[in-house]
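J.: Attaching a single structure in structure tokens format; questions to follow.
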Amino acid sequence: MAYSFPEEVLEYVFAFLSSDKDRNAVSLVCKSWYEIERWCRRRIFIGNCYAVSPQIVIRRFPEVSAVKIKGKPHFADFNLVPEGWGAYLYPWISAMARSYPWLEEIKLKRMVVTDESLELISKSFKNFKVLVLSSCEGFTTDGLASIAANCRNLRELDLKESEVEDLSGHWLSHFPDNFTSLVSLNMSCLGSEVSFSALERLVSRCPNLKTLRLNRAVPIEKLPSLLRRAPQLVEFGTGAYSAEIRTDIFSNLVEAFSGCKHLKSLSGFWDVVPAYLPAMYNVCSRITSLNLSYATVQSPDLVELISQCPNLKCLWVLDYIEDAGLKALSSYCKDLQELRVFPSDPYGAEPNVSLTEQGLVTVSAGCPKLQSVLYFCRQMSNAALIAIARNRPNLIRFRLCIIEPQAPDYLTLEPLDTGFGAIVEHCKQLRRLSLSGLLTDRVFEYIGTHAKKLEMLSIAFAGDSDLGLHYVLSGCESLRKLEIRDCPFGDKALLANAAKLETMRSLWMSSCSVSYGACKLLGQKMPRLNVEVIDERGPPDSRPETCPVEKLYVYRTVAGPRVDKPDFVWTMDEDAALRLS
Amino acid sequence: MAHENELNLKATELRLGLPGTDESEDMVSTAKNNKRASPESLEDSGSEANSAAKSGDHETSSASKTQIVGWPPVRSYRKNNLQSKKAESETGMYVKVSMDGAPYLRKVDLKVYNGYPELLVALENMFKLSIGEYSEREGYEGSEYAPAYEDKDGDLMLVGDVPWDMFMSSCKRLRIMRGSEAKGLGCAV
């Protein structure tokens with residue numbers, strides 16, 4: 001006798017499932033569960049905009065209120081993906097405008113967003129609430145004006161690190177006078193000055209504003225006026241934090257900051273004048289997140305500030321902090337979970353600051369909760385890496401960038417294989433790893449053997465042969481994203497592990513040794529992969545088959561070869577793929 | 001007279017580097033356009049776009065860093081934010097200096113000096129004149145020339161009144177005035 005719950009009950013139960021993994025599992029139980037689940041899934045995450053088409057998504061999930069879409073591969077951040085490659089938002093908006101009139105949230109990363117798209121968003125979704133554009137490009141402040149003017153219920157507008165063509169600051173003034181729903185505004189990436197009085201009035205009339213990240217153009221003298229109107233702020237980003245040293249400016253700031261009893265996160269701090277940092281001291285005890293990565297101040301000033309923040313969980317800072325500052329960090333901030341140290345002079349031939357591997361070792365020893373690291377430095381040793389690994393087996397993200405490519409262990413002149421090997425061996429929960437320095441195939445053997453939870457791996461100027469790539473592809477069970485540049489990896493490992501690629505989101509290989517012939521073969525063998533050859537030298541057909549391609553981007557897809565390719569991208573075995581899809 | 005000619009020649013001399021630097025120093029241009037991949041992997045990659053620049057490798061001096069595309073992996077908006085600061089510290093803070101009666105202007109790098117005394121000595125040497133002692137009450141009373149500057153607001157101010165750091169950040173250009181004309185600028189009545 002078959003028992004079954006009424007659909008409504010199942011739907012009610014499924015509503016408690018928020019994780020996509022769980023919902024996907026539920027969909028596989030049986031056809032009726034698949035049907036029920038697809039009608040009640042409200043949030044969609046698309047990790048690769050070309051892995052699926054808007055039509056397929058809409059067909060399966062008819063009632064969606066939130067989408068998150070990622071476009072270009074990560075190495076686009078470092079100018080490795082040529083302009084015009086793709087990741088256009090418009091087709092998605094155009095399709096969703098028709099099918100999801102009640103869409104509330106759009107979160108995008110590395111997509112090309114046009115003013116046209118923004119205008120369409122602002123006019124198509126009556127209850128639109130959240131727009132997050134992370135590392136996007138292609139739009140101007142005019143597009144922002146459409147959003148401001150038309151999205152009556154907007155709660156969040158976050159332009160996180162996007163490249164916006166800044167025509168003027170006038171867009172902010174488009175928020176209507178009766179618009180009061182703003183909760184979060186991040187305009188830190190914009191250059192132009194907005195009308196300050198419009199900003200003041202906006203802040204005044206939005207009582208739920210919790211996040212306000214200003215841009216560099218807002219001067220420090222104007223901050224108190226904003227802070228006084230928004231004492232409920234939880235996250236605040238200053239503009240340029242500098243002025244002539246005047247006691248009235250200082251005392252106004254102190255007073256204004258004191259009024260903000262809920263501040264947890266601070267950022268901004270362009271052009272910092274150190275004398276103004278103490279103005280924040282009386283909020284520091286509550287601060288959990290500090291982004292000082294634009295603050296070009298010296299270590300002692302940084303230490304003074306950090307020593308006031310015992311509850312700090314996340315710190316982004318420039319290498320001006322130096323080893324001494326990191327030592328102080330490790331003694332004051334025992335709750336630290338995430339540390340990012342950026343280079344102040346990435347192209348200088350000589351070190352300009354006294355920041356070495358020692359700083360990171362000290363933090364790893366002193367901060368028991370440290371789990372996420374991004375660290376740029378100029379020297380590293382196996383001993384240091386081993387110490388870090390032993391100190392912090394709870395690391396889940398470890399991204400190390402030794403500035404000089406292929407730099408060996410500076411003490412022994414050996415490759416850093418054993419050091420990184422120790423990292424993957426001890427840090428069993430490691431999900432993300434970026435390698436640098438002199439590395440042989442050995443390190444990949446360690447990674448393949450130990451890094452069973454690794455999801456994302458970034459490799460540059462490393463390895464000796466195909467064996468390196470083979471170790472990774474055959475050993476890393478959880479691997480989803482692999483990005484490689486300037487490594488001697490070629491055809492053999494790739495073809496031998498072709499099936500693995502269908503279990504991953506994507507593979508990027510540039511300036512490696514993969515031949516055009518191998519790419520074609522891969523495309524033929526694996527119809528459910530898009531094997532894209534990116535080559536600005538002209539059609540790969542015009543060169544011998546053995547000639548290595550410039551760049552290769554391979555990703556699984558149910559949408560077939562894409563139709564919006566520029567003239568420097570070729571999908572391998574496109575015809576066969578089209579026939580199958 | 002001879003000195004005047006020397007000045008002239010110096011000013012029109014063709015050389016690398018910004019005006020104001022010693023003739024012996026050539027500015028080594030950071031090879032920002034010299035893009036190449038690591039030499040070890042280039043043999044395998046055969047990437048023409050990168051190898052085209054390779055020939056330029058050997059010519060660049062060891063002092064400048066040849067740049068690889070996308071390395072180190074720092075996002076451009078971060079680089080831009082720092083670059084403006086760096087450019088400032090590398091190229092100095094040059095302001096024009098005019099002297100009443102002189103046919104052309106000079107430029108000085110304010111960053112080179114630690115304070116007013118050094119700056120005044122440098123100006124005296126540059127224009128072959130004497131400026132004399134500064135006093136808060138009298139300004140440069142009694143000197144043939146007095147140094148003045150135009151600040152951020154466009155006002156003509158007497159050099160020496162404000163702390164050196166404040167002067168550095170507010171001075172837009174210098175003007176060496178005749179002592180007789182400078183009387184009105186002094187703090188004294």
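Identifiers in the structure tokens: chain A, B, ... in order shown; residue index from 1 per chain; ligand index from 1 in order shown.
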Any chance you could list, as an MDAnalysis selection string, the residues in region 246-428 of chain A that come up alpha helix (DSSP H) when DSSP is run on the backbone?

T.: chainID A and resid 247:258 299:306 322:332 357:366 382:391 417:426

J.: Just list as a PyMOL selection string whatever in region 113-315 of chain A DSSP marks as strand (DSSP E or B).

T.: chain A and resi 130-134+137-140+156-158+163-165+184-186+211-213+235-237+240+265-267+270+289-292+314-315

J.: As a ChimeraX atom specification, could you give me every residue of chain A near chain B (at most 8 Å apart, counting only C-alpha atoms)?

T.: /A:77-80,161,244,294,344-349,401,403-405,461,486-488,511-513,537,547-550

J.: What's around Arg528 (chain A) at 7 Å? Count only C-alpha atoms, leave out sequence neighbours fewer than 3 positions away in its own chain, and write the answer as a list of chain:residue names.

T.: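 What passes the distance filter is A:Arg556, A:Thr557, A:Val558.
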
J.: Using only C-alpha atoms, determine which residues lie at most 7 Å from region 472-484 of chain A, disregarding the query and same-chain residues fewer than 4 positions distant; provide the list as a list in words.

T.: Phe444, Ile447, Gly448, Thr449, Ala451, Lys452, Lys453, Leu454, Glu455, Met456, Leu457, Ser458, Ile459, Ala460, Gly468, Asn497, Lys500, Met504, Arg505, Ser506, Leu507, Trp508, Met509 and Ser510 of chain A

J.: Find the residues around Lys68 (chain A) up to 8 Å (only C-alpha atoms counted), leave out those fewer than 6 positions away in its own chain, and share them as number ranges by chain.

T.: A: 44-47, 106-108

J.: Report, in Å to a single decimal, how far apart CA of Ala498 (chain A) and CA of Gly86 (chain A) are.

T.: 24.5 Å

J.: Excluding region 12-22 of chain A and any residue of its chain fewer than 3 positions from it, enumerate the residues within 9 Å of it, using only C-alpha atoms, and give them as a PyMOL selection string.

T.: chain A and resi 7-9+25-27+36-37+40-41+43-45

J.: For those residues, write N, CA and C atoms to a file as a PDB file, in the first residue's frame.

T.:
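Result file follows (selection_36.pdb):
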```
ATOM      1  N   GLU A   7       0.562  16.817  -1.389  1.00  0.00           N
ATOM      2  CA  GLU A   7       1.574  17.715  -1.949  1.00  0.00           C
ATOM      3  C   GLU A   7       1.846  18.907  -1.053  1.00  0.00           C
ATOM      4  N   GLU A   8       0.769  19.468  -0.517  1.00  0.00           N
ATOM      5  CA  GLU A   8       0.933  20.688   0.280  1.00  0.00           C
ATOM      6  C   GLU A   8       1.824  20.438   1.485  1.00  0.00           C
ATOM      7  N   VAL A   9       1.704  19.251   2.041  1.00  0.00           N
ATOM      8  CA  VAL A   9       2.522  18.935   3.209  1.00  0.00           C
ATOM      9  C   VAL A   9       3.985  18.826   2.802  1.00  0.00           C
ATOM     10  N   ALA A  25      19.005  16.857  -3.946  1.00  0.00           N
ATOM     11  CA  ALA A  25      18.842  15.465  -3.513  1.00  0.00           C
ATOM     12  C   ALA A  25      17.362  15.083  -3.482  1.00  0.00           C
ATOM     13  N   VAL A  26      16.566  15.987  -2.927  1.00  0.00           N
ATOM     14  CA  VAL A  26      15.112  15.773  -2.852  1.00  0.00           C
ATOM     15  C   VAL A  26      14.522  15.556  -4.255  1.00  0.00           C
ATOM     16  N   SER A  27      14.997  16.316  -5.207  1.00  0.00           N
ATOM     17  CA  SER A  27      14.470  16.216  -6.575  1.00  0.00           C
ATOM     18  C   SER A  27      14.733  14.875  -7.207  1.00  0.00           C
ATOM     19  N   ILE A  36       7.139  18.594  -7.140  1.00  0.00           N
ATOM     20  CA  ILE A  36       6.791  19.464  -6.013  1.00  0.00           C
ATOM     21  C   ILE A  36       7.941  20.412  -5.718  1.00  0.00           C
ATOM     22  N   GLU A  37       9.131  19.867  -5.698  1.00  0.00           N
ATOM     23  CA  GLU A  37      10.289  20.681  -5.343  1.00  0.00           C
ATOM     24  C   GLU A  37      10.501  21.811  -6.346  1.00  0.00           C
ATOM     25  N   CYS A  40       8.422  24.823  -5.772  1.00  0.00           N
ATOM     26  CA  CYS A  40       8.601  25.630  -4.563  1.00  0.00           C
ATOM     27  C   CYS A  40      10.036  26.096  -4.341  1.00  0.00           C
ATOM     28  N   ARG A  41      10.905  25.881  -5.320  1.00  0.00           N
ATOM     29  CA  ARG A  41      12.252  26.440  -5.145  1.00  0.00           C
ATOM     30  C   ARG A  41      12.227  27.918  -5.475  1.00  0.00           C
ATOM     31  N   ARG A  43      15.037  30.106  -4.598  1.00  0.00           N
ATOM     32  CA  ARG A  43      16.370  30.685  -4.770  1.00  0.00           C
ATOM     33  C   ARG A  43      17.214  29.797  -5.684  1.00  0.00           C
ATOM     34  N   ILE A  44      17.787  30.442  -6.700  1.00  0.00           N
ATOM     35  CA  ILE A  44      18.582  29.673  -7.666  1.00  0.00           C
ATOM     36  C   ILE A  44      20.015  30.185  -7.670  1.00  0.00           C
ATOM     37  N   PHE A  45      20.957  29.268  -7.665  1.00  0.00           N
ATOM     38  CA  PHE A  45      22.347  29.660  -7.793  1.00  0.00           C
ATOM     39  C   PHE A  45      22.918  29.042  -9.071  1.00  0.00           C
TER      40      PHE A  45
END
```

J.: What separation in Å, quoted to one decimal, exists between CA of Pro103 (chain B) and CA of Leu158 (chain B)?

T.: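 A separation of 22.4 Å between them.
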
J.: Report, in Å to a single decimal, how far apart CA of Cys377 (chain A) and CA of Leu355 (chain A) are.

T.: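 It comes out at 6.7 Å.
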
J.: Residues at most 12 Å from Arg178 (chain B), counting only C-alpha atoms, excluding those fewer than 4 positions away in the same chain, as a short mmCIF file (atom, residue, chain, number, x, y, z; two decimals) with N, CA, C and O atoms, in the first residue's frame?

T.:
```cif
data_model
loop_
_atom_site.label_atom_id
_atom_site.label_comp_id
_atom_site.auth_asym_id
_atom_site.auth_seq_id
_atom_site.Cartn_x
_atom_site.Cartn_y
_atom_site.Cartn_z
N SER B 98 58.39 81.39 -9.65
CA SER B 98 58.61 82.54 -10.52
C SER B 98 59.36 83.61 -9.72
O SER B 98 59.24 83.69 -8.51
N MET B 99 60.14 84.36 -10.44
CA MET B 99 60.81 85.47 -9.76
C MET B 99 60.47 86.74 -10.52
O MET B 99 60.56 86.76 -11.75
N ASP B 100 60.06 87.75 -9.77
CA ASP B 100 59.69 89.01 -10.41
C ASP B 100 60.86 89.49 -11.26
O ASP B 100 61.97 89.68 -10.78
N GLY B 101 60.59 89.70 -12.53
CA GLY B 101 61.63 90.22 -13.43
C GLY B 101 62.34 89.15 -14.22
O GLY B 101 63.00 89.44 -15.21
N ALA B 102 62.24 87.91 -13.80
CA ALA B 102 62.95 86.84 -14.55
C ALA B 102 62.10 86.41 -15.74
O ALA B 102 60.88 86.38 -15.66
N LEU B 129 70.29 85.10 -5.44
CA LEU B 129 69.87 86.28 -4.71
C LEU B 129 69.91 85.96 -3.22
O LEU B 129 70.22 84.83 -2.83
N SER B 130 69.63 86.95 -2.44
CA SER B 130 69.60 86.68 -0.99
C SER B 130 68.23 87.02 -0.45
O SER B 130 67.59 87.97 -0.87
N ILE B 131 67.80 86.17 0.45
CA ILE B 131 66.44 86.30 0.98
C ILE B 131 66.44 86.79 2.42
O ILE B 131 65.57 87.49 2.85
N TYR B 140 60.19 89.13 5.96
CA TYR B 140 61.57 89.13 5.50
C TYR B 140 62.09 90.57 5.41
O TYR B 140 62.76 90.97 4.48
N GLU B 141 61.70 91.31 6.39
CA GLU B 141 62.04 92.73 6.45
C GLU B 141 63.53 92.96 6.20
O GLU B 141 64.37 92.31 6.81
N GLY B 142 63.80 93.88 5.30
CA GLY B 142 65.20 94.22 5.06
C GLY B 142 65.81 93.45 3.91
O GLY B 142 66.87 93.81 3.40
N SER B 143 65.20 92.37 3.46
CA SER B 143 65.80 91.61 2.35
C SER B 143 65.41 92.23 1.02
O SER B 143 64.38 92.89 0.90
N GLU B 144 66.27 91.96 0.06
CA GLU B 144 65.99 92.45 -1.29
C GLU B 144 64.80 91.69 -1.88
O GLU B 144 64.01 92.24 -2.64
N TYR B 145 64.70 90.41 -1.51
CA TYR B 145 63.63 89.56 -2.04
C TYR B 145 62.91 88.85 -0.91
O TYR B 145 63.48 88.60 0.16
N ALA B 146 61.66 88.53 -1.15
CA ALA B 146 60.90 87.76 -0.17
C ALA B 146 60.15 86.63 -0.89
O ALA B 146 59.59 86.86 -1.96
N PRO B 147 60.19 85.45 -0.30
CA PRO B 147 59.50 84.33 -0.95
C PRO B 147 58.02 84.28 -0.55
O PRO B 147 57.68 84.40 0.62
N ALA B 148 57.18 84.16 -1.55
CA ALA B 148 55.75 84.04 -1.27
C ALA B 148 55.23 82.81 -2.00
O ALA B 148 55.92 82.26 -2.87
N ALA B 182 56.77 93.05 -1.18
CA ALA B 182 56.33 92.01 -0.25
C ALA B 182 55.89 92.56 1.10
O ALA B 182 55.39 91.84 1.94
N LYS B 183 56.11 93.84 1.29
CA LYS B 183 55.80 94.42 2.60
C LYS B 183 54.39 94.09 3.07
O LYS B 183 54.15 93.76 4.20
N GLY B 184 53.44 94.17 2.20
CA GLY B 184 52.05 93.95 2.59
C GLY B 184 51.75 92.55 3.07
O GLY B 184 50.74 92.28 3.72
N LEU B 185 52.62 91.59 2.78
CA LEU B 185 52.35 90.20 3.12
C LEU B 185 52.76 89.84 4.55
O LEU B 185 52.34 88.85 5.10
#
```
